[in-house]
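Visitor: Hey, dropping model.cif in here, mmCIF, C-alpha atoms:
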```
data_entry
loop_
_atom_site.label_atom_id
_atom_site.label_comp_id
_atom_site.auth_asym_id
_atom_site.auth_seq_id
_atom_site.Cartn_x
_atom_site.Cartn_y
_atom_site.Cartn_z
CA MET A 1 -28.59 16.73 19.14
CA ARG A 2 -26.37 15.91 16.15
CA GLU A 3 -25.50 19.59 15.69
CA LEU A 4 -24.41 19.76 19.33
CA LEU A 5 -22.08 16.76 18.88
CA ILE A 6 -20.60 18.25 15.71
CA SER A 7 -19.99 21.60 17.39
CA LEU A 8 -18.32 19.86 20.35
CA ALA A 9 -16.09 17.87 18.00
CA VAL A 10 -15.09 21.02 16.11
CA THR A 11 -14.18 22.90 19.31
CA ASN A 12 -11.89 20.07 20.46
CA LEU A 13 -9.79 20.05 17.27
CA ARG A 14 -6.19 21.17 17.56
CA VAL A 15 -3.88 22.29 14.79
CA VAL A 16 -0.58 20.46 15.04
CA GLU A 17 2.40 22.05 13.33
CA PRO A 18 5.19 19.69 12.30
CA ILE A 19 8.49 20.32 14.06
CA CYS A 20 11.55 20.48 11.82
CA CYS A 21 15.19 20.13 12.76
CA PRO A 22 16.92 23.54 12.44
CA VAL A 23 19.96 21.93 10.77
CA CYS A 24 18.69 19.26 8.36
CA ASN A 25 14.97 20.26 8.16
CA SER A 26 13.96 16.68 8.88
CA THR A 27 10.56 16.06 10.41
CA ASP A 28 11.71 12.82 12.06
CA ILE A 29 11.68 14.44 15.51
CA VAL A 30 10.85 13.02 18.95
CA LYS A 31 10.52 14.65 22.36
CA HIS A 32 13.73 14.37 24.37
CA GLY A 33 12.93 15.58 27.88
CA LYS A 34 12.76 19.06 29.34
CA THR A 35 15.35 21.63 30.33
CA ASP A 36 15.80 22.92 33.88
CA ALA A 37 13.70 25.92 32.86
CA GLY A 38 10.86 23.60 31.79
CA LYS A 39 11.23 24.04 28.02
CA GLN A 40 10.63 21.06 25.77
CA ARG A 41 13.79 19.53 24.26
CA TYR A 42 13.58 17.67 20.94
CA LYS A 43 15.82 15.07 19.30
CA CYS A 44 16.46 14.70 15.58
CA ARG A 45 16.47 11.03 14.55
CA ASN A 46 18.15 11.67 11.20
CA SER A 47 21.46 9.79 11.43
CA GLU A 48 23.19 12.22 9.05
CA CYS A 49 22.26 15.31 11.07
CA SER A 50 25.09 17.00 12.96
CA ARG A 51 22.80 18.28 15.71
CA HIS A 52 21.15 15.74 17.94
CA SER A 53 18.97 17.75 20.32
CA PHE A 54 17.51 21.24 20.16
CA ILE A 55 14.95 23.58 21.72
CA LEU A 56 12.42 25.48 19.62
CA LYS A 57 12.50 28.78 21.52
CA TYR A 58 15.68 29.63 23.37
CA SER A 59 15.45 32.09 26.24
CA TYR A 60 19.01 33.39 25.73
CA ARG A 61 19.70 35.22 22.47
CA GLY A 62 23.31 34.01 22.32
CA TYR A 63 22.19 30.51 21.33
CA LEU A 64 20.43 31.66 18.16
CA ALA A 65 22.12 30.99 14.81
CA ASP A 66 21.29 34.51 13.58
CA VAL A 67 23.12 36.06 16.52
CA LYS A 68 26.16 33.86 15.92
CA GLU A 69 26.22 34.99 12.29
CA GLN A 70 26.07 38.60 13.46
CA ILE A 71 28.99 37.97 15.83
CA VAL A 72 31.16 36.78 12.96
CA ASP A 73 30.02 39.60 10.68
CA MET A 74 30.82 42.21 13.31
CA ALA A 75 34.24 40.63 13.94
CA MET A 76 34.98 40.75 10.22
CA ASN A 77 34.05 44.45 10.21
CA GLY A 78 36.43 45.24 13.06
CA SER A 79 34.12 45.38 16.08
CA GLY A 80 35.66 44.36 19.37
CA ILE A 81 34.33 41.75 21.76
CA ARG A 82 32.80 44.19 24.24
CA ASP A 83 31.26 46.29 21.51
CA THR A 84 29.71 43.23 19.87
CA ALA A 85 28.37 41.97 23.21
CA ARG A 86 26.84 45.35 24.04
CA VAL A 87 25.18 45.80 20.65
CA LEU A 88 23.76 42.25 20.52
CA LYS A 89 22.85 42.27 24.26
CA ILE A 90 24.74 39.07 25.02
CA SER A 91 27.69 38.14 27.23
CA PRO A 92 31.27 38.86 26.07
CA THR A 93 32.03 35.23 26.92
CA THR A 94 29.42 34.15 24.38
CA VAL A 95 31.12 36.31 21.74
CA ILE A 96 34.53 34.80 22.50
CA GLU A 97 33.19 31.23 22.44
CA ALA A 98 31.38 31.80 19.13
CA LEU A 99 34.57 33.18 17.57
CA LYS A 100 36.61 30.25 18.92
CA LYS A 101 34.17 27.76 17.42
CA ARG A 102 34.31 29.57 14.07
CA LEU A 103 38.10 29.41 14.26
CA PHE A 104 37.87 25.68 14.86
CA PHE A 105 35.59 25.28 11.83
CA GLY A 106 37.79 27.17 9.40
CA ILE A 107 37.89 30.93 9.76
CA SER A 108 41.48 32.06 9.71
CA GLU A 109 43.14 32.79 13.03
CA SER A 110 44.51 36.13 11.88
CA ILE A 111 41.05 37.53 11.14
CA ILE A 112 39.82 36.65 14.62
CA ALA A 113 43.00 38.02 16.21
CA GLU A 114 42.47 41.31 14.40
CA ALA A 115 38.83 41.50 15.40
CA THR A 116 39.46 40.68 19.05
CA GLY A 117 42.63 42.74 19.38
CA LEU A 118 44.66 39.72 20.44
CA ASN A 119 48.10 39.48 18.87
CA ARG A 120 50.06 36.30 19.38
CA SER A 121 53.47 37.91 18.83
#
```
Turn this file's structure into structure tokens for me.
Guide:
Amino acid sequence: MRELLISLAVTNLRVVEPICCPVCNSTDIVKHGKTDAGKQRYKCRNSECSRHSFILKYSYRGYLADVKEQIVDMAMNGSGIRDTARVLKISPTTVIEALKKRLFFGISESIIAEATGLNRS
């Protein structure tokens, strides 16, 4: 009888992986509702973190940090907006918005103008 109870207890164990914030790597995370698609949203409670809520697995590739890095790298290497969107399988609007945000955070305007083919003169 004791062996049966032990085997039942072992089968009901779950392995819980700690969830870390993708920006500050803090484990002080709480659930923060669900998206319209039903995915779990999390909130970082670290007051110094620049990102407040996040999702572990995004369904759209354009939200991933790796893809945003690739957008900037391709722009620096002279790829156009449509070419970048086609290669990364994302929307051209996502490419433009990512480049605008990078411009806002310090990449020079001339580099982005060259990459996008937009001249302000």
Visitor: Going by the chain IDs and residue numbers used in this file, which residues fall under the PyMOL selection byres ((chain A and resi 53) around 12)? Write them as a list in words.
Guide: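 Given this file, the PyMOL selection byres ((chain A and resi 53) around 12) evaluates to Cys20, Cys21, Pro22, Val23, Ile29, Val30, Lys31, His32, Gly33, Lys34, Thr35, Gln40, Arg41, Tyr42, Lys43, Cys44, Arg45, Asn46, Cys49, Ser50, Arg51, His52, Phe54, Ile55 and Leu56 of chain A.
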Visitor: Run the PyMOL selection byres ((chain A and resi 72) around 12) on the file and write out the hits as an NGL selection string.
Guide: :A and (65-71 or 73-81 or 84-85 or 88 or 94-103 or 107-108 or 111-112 or 115-116)
Visitor: For a quick check of understanding, using only C-alpha atoms, which of A:Ile90, A:Leu64, A:Arg82, A:Tyr58 has the smallest distance to Ala37 (chain A)?
Guide: A:Tyr58
Visitor: One decimal, in Å: what's the spacing between CA of Gly38 (chain A) and CA of Ile19 (chain A)?
Guide: 18.2 Å
Visitor: Please measure the separation of CA of Lys57 (chain A) and CA of Asn25 (chain A), giving the value in Å to one decimal.
Guide: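 Computed distance, CA of Lys57 (chain A) to CA of Asn25 (chain A), equals 16.0 Å.
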Visitor: What is the CA of Gly62 (chain A) to CA of Thr93 (chain A) distance in Å?
Guide: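 Atom-to-atom, CA of Gly62 (chain A) and CA of Thr93 (chain A) are spaced 9.9 Å apart.
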